[in-house]
Every structure is written in structure tokens, then in C-alpha cells.
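my_file_9.pdb follows (PDB, C-alpha atoms, pLDDT in the B column):
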```pdb
MODEL        1
ATOM      1  CA  MET A  25      10.873  -6.610  -4.645  1.00 63.00           C
ATOM      2  CA  CYS A  26      11.999  -4.842  -1.474  1.00 82.00           C
ATOM      3  CA  HIS A  27       9.406  -2.625   0.231  1.00 79.00           C
ATOM      4  CA  GLN A  28      11.911   0.216   0.482  1.00 84.00           C
ATOM      5  CA  THR A  29      12.833  -0.003  -3.202  1.00 88.00           C
ATOM      6  CA  VAL A  30       9.188   0.092  -4.250  1.00 88.00           C
ATOM      7  CA  SER A  31       8.625   3.084  -1.961  1.00 88.00           C
ATOM      8  CA  LEU A  32      11.486   4.963  -3.604  1.00 88.00           C
ATOM      9  CA  VAL A  33      10.229   4.079  -7.104  1.00 92.00           C
ATOM     10  CA  ALA A  34       6.757   5.331  -6.090  1.00 90.00           C
ATOM     11  CA  ARG A  35       8.255   8.631  -4.961  1.00 90.00           C
ATOM     12  CA  GLY A  36      10.033   8.990  -8.313  1.00 92.00           C
ATOM     13  CA  LEU A  37       6.814   8.285 -10.208  1.00 94.00           C
ATOM     14  CA  GLU A  38       4.975  10.846  -8.075  1.00 91.00           C
ATOM     15  CA  ASP A  39       7.668  13.425  -8.891  1.00 92.00           C
ATOM     16  CA  ALA A  40       6.914  12.734 -12.570  1.00 94.00           C
ATOM     17  CA  GLY A  41       3.193  13.374 -11.968  1.00 91.00           C
ATOM     18  CA  ILE A  42       2.071   9.730 -11.813  1.00 93.00           C
ATOM     19  CA  PRO A  43      -0.003   8.979  -8.690  1.00 92.00           C
ATOM     20  CA  THR A  44       0.879   5.796  -6.805  1.00 93.00           C
ATOM     21  CA  ALA A  45      -0.285   3.670  -3.885  1.00 92.00           C
ATOM     22  CA  LEU A  46       1.964   1.029  -2.358  1.00 90.00           C
ATOM     23  CA  VAL A  47       0.584  -2.147  -0.780  1.00 91.00           C
ATOM     24  CA  SER A  48       2.717  -3.206   2.161  1.00 90.00           C
ATOM     25  CA  VAL A  49       2.776  -6.120   4.577  1.00 89.00           C
ATOM     26  CA  MET A  50       5.841  -4.720   6.351  1.00 88.00           C
ATOM     27  CA  PRO A  51       5.043  -1.120   7.336  1.00 87.00           C
ATOM     28  CA  PRO A  52       8.272  -0.531   9.298  1.00 88.00           C
ATOM     29  CA  LEU A  53      10.245  -1.189   6.097  1.00 86.00           C
ATOM     30  CA  SER A  54       8.030   0.650   3.636  1.00 86.00           C
ATOM     31  CA  GLY A  55       7.343   3.531   6.027  1.00 85.00           C
ATOM     32  CA  ALA A  56      11.044   4.213   6.474  1.00 87.00           C
ATOM     33  CA  ALA A  57      11.248   5.197   2.785  1.00 86.00           C
ATOM     34  CA  ARG A  58       8.186   7.489   3.084  1.00 88.00           C
ATOM     35  CA  PRO A  59       5.982   6.277   0.216  1.00 90.00           C
ATOM     36  CA  PRO A  60       3.420   8.839  -1.019  1.00 91.00           C
ATOM     37  CA  ARG A  61       0.478   6.566  -0.096  1.00 93.00           C
ATOM     38  CA  GLN A  62       0.287   3.061   1.279  1.00 92.00           C
ATOM     39  CA  VAL A  63      -2.313   0.422   2.005  1.00 93.00           C
ATOM     40  CA  ILE A  64      -1.096  -1.791   4.831  1.00 91.00           C
ATOM     41  CA  ARG A  65      -2.358  -5.367   4.799  1.00 90.00           C
ATOM     42  CA  ARG A  66      -2.018  -7.952   7.570  1.00 88.00           C
ATOM     43  CA  LEU A  67      -1.084 -10.737   5.186  1.00 86.00           C
ATOM     44  CA  ASN A  68       1.995 -12.838   4.463  1.00 83.00           C
ATOM     45  CA  ILE A  69       4.768 -11.810   2.109  1.00 84.00           C
ATOM     46  CA  GLY A  70       3.809 -13.173  -1.303  1.00 82.00           C
ATOM     47  CA  ALA A  71       0.117 -12.477  -0.747  1.00 83.00           C
ATOM     48  CA  THR A  72       0.396  -8.710  -0.445  1.00 84.00           C
ATOM     49  CA  VAL A  73      -2.742  -7.863  -2.450  1.00 88.00           C
ATOM     50  CA  GLY A  74      -4.728 -10.813  -1.077  1.00 88.00           C
ATOM     51  CA  ARG A  75      -4.655 -14.507  -0.378  1.00 90.00           C
ATOM     52  CA  PRO A  76      -4.534 -16.896  -3.360  1.00 91.00           C
ATOM     53  CA  GLY A  77      -8.040 -17.518  -4.666  1.00 93.00           C
ATOM     54  CA  ASP A  78      -9.552 -14.717  -2.558  1.00 93.00           C
ATOM     55  CA  VAL A  79     -10.866 -12.618  -5.432  1.00 95.00           C
ATOM     56  CA  GLU A  80     -13.049 -10.453  -3.182  1.00 94.00           C
ATOM     57  CA  GLY A  81     -10.133  -9.730  -0.849  1.00 92.00           C
ATOM     58  CA  GLN A  82      -7.889  -8.862  -3.790  1.00 93.00           C
ATOM     59  CA  LEU A  83     -10.536  -6.570  -5.298  1.00 95.00           C
ATOM     60  CA  SER A  84     -11.003  -4.922  -1.912  1.00 93.00           C
ATOM     61  CA  THR A  85      -7.272  -4.135  -1.777  1.00 93.00           C
ATOM     62  CA  LEU A  86      -7.377  -2.640  -5.275  1.00 94.00           C
ATOM     63  CA  ARG A  87     -10.437  -0.535  -4.387  1.00 95.00           C
ATOM     64  CA  ARG A  88      -8.667   0.729  -1.276  1.00 93.00           C
ATOM     65  CA  MET A  89      -5.631   1.673  -3.383  1.00 93.00           C
ATOM     66  CA  ILE A  90      -7.767   3.610  -5.868  1.00 94.00           C
ATOM     67  CA  ALA A  91      -9.692   5.353  -3.077  1.00 94.00           C
ATOM     68  CA  LEU A  92      -6.413   6.363  -1.446  1.00 93.00           C
ATOM     69  CA  ILE A  93      -5.081   7.786  -4.720  1.00 93.00           C
ATOM     70  CA  GLU A  94      -8.314   9.685  -5.342  1.00 93.00           C
ATOM     71  CA  GLY A  95      -8.934  10.913  -1.826  1.00 90.00           C
ATOM     72  CA  ALA A  96      -5.654  11.303   0.057  1.00 83.00           C
ATOM     73  CA  ALA A  97      -5.257  14.890   1.155  1.00 76.00           C
ATOM     74  CA  ALA A  98      -1.600  14.717   2.153  1.00 81.00           C
ATOM     75  CA  PHE A  99       1.681  13.028   1.269  1.00 84.00           C
ATOM     76  CA  GLY A 100       2.212   9.901   3.365  1.00 87.00           C
ATOM     77  CA  ALA A 101      -1.455   8.868   3.612  1.00 90.00           C
ATOM     78  CA  VAL A 102      -2.017   5.396   5.059  1.00 90.00           C
ATOM     79  CA  ASP A 103      -4.986   2.994   4.928  1.00 89.00           C
ATOM     80  CA  ALA A 104      -4.221   0.138   7.335  1.00 90.00           C
ATOM     81  CA  ASP A 105      -6.068  -3.083   8.087  1.00 85.00           C
ATOM     82  CA  ALA A 106      -7.627  -3.032  11.525  1.00 75.00           C
ATOM     83  CA  LYS A 107      -5.647  -4.823  14.210  1.00 69.00           C
ATOM     84  CA  PRO A 108      -7.178  -8.152  15.180  1.00 62.00           C
ATOM     85  CA  SER A 109      -9.227  -7.863  18.353  1.00 50.00           C
ATOM     86  CA  ALA A 110      -7.899  -9.677  21.399  1.00 50.00           C
TER
ENDMDL
END
```
Written form, C-alpha cells:
Amino acid sequence: MCHQTVSLVARGLEDAGIPTALVSVMPPLSGAARPPRQVIRRLNIGATVGRPGDVEGQLSTLRRMIALIEGAAAFGAVDADAKPSA
């Protein structure tokens, strides 16, 4: 599903009182729609939550989502993967 569409759905759910956290691999697209909270991963499309078979990586993404929902102080909070060092 399109990052922008999911961002807009998340905003609608938030308006209904349901907290959300979007996982994005394309922050320019998801950010344009201003999702309430987003975890930005440096992964390929299709492996947004984690690479196939990488259970620890997938669980880490889910924990980050929950922490963002529980601890974000402001609308538009972002938890982004660190940029690879050069």
C-alpha cells in the first residue's frame, strides 16, 4: 500500500482515538502526508518491518513502534535508523 495512503489512514485512526505508528522505508513520501508517528527503516520495499527470516530485526521494529506510541510527546514524532557511517 502507498506510504501516503497509510499515513492518511493513520491520521484518521488517530482522530478516532486509536494511536498509530507507521513504518516507512520512503520518508519523503510518508512524511509529505504528515503521519502522527513514524519509524523509518533503511530497508527495501517489501521488507519494511525487517528482512525475511530476521526475527530479531522484526521484533526490534515492533518494539520501536510501541515505544514511539507510548512515549512520543508531539504529533509527527520520528524514530529513524541511523545513517550508515562512511
| remark: For Pro52 of chain A, the closest of A:Val73, A:Ser31, A:Ser84, A:Val79 counting all atoms listed in the file is A:Ser31
| Residues picked by the PyMOL selection byres ((chain A and resi 105) around 7) here, as a list of chain:residue names? |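 Written out, the selection comes to A:Ile64, A:Arg65, A:Arg66, A:Asp103, A:Ala104, A:Ala106, A:Lys107.
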| Any chance you could work out the residue set of the PyMOL selection byres ((chain A and resi 85) around 12) here, as a VMD selection string? | chain A and resid 45 to 48 62 to 67 71 to 75 78 to 84 86 to 92 103 to 105
| task | Check the smallest atom-to-atom distance from each of A:Ala101, A:Ile69, A:Ala96, A:Cys26 to Val49 of chain A using only C-alpha atoms, then report the winner. | result |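 So, comparing all the options, the nearest one is A:Ile69.
A straight line drawn from atom CA of Gly36 of chain A to atom CA of Ala98 of chain A is 16.7 Å long.
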| said: Report, in Å with one decimal, the straight-line distance from atom CA of Arg61 of chain A to atom CA of Ile93 of chain A. | reply: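 Atom-to-atom, atom CA of Arg61 of chain A to atom CA of Ile93 of chain A, that is 7.3 Å.
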| task | For the structure shown, which residues end up in the PyMOL selection byres ((chain A and resi 59) around 10)? Put them as a PyMOL selection string, please? | result | chain A and resi 27-36+38+44-46+54-58+60-62+99-102
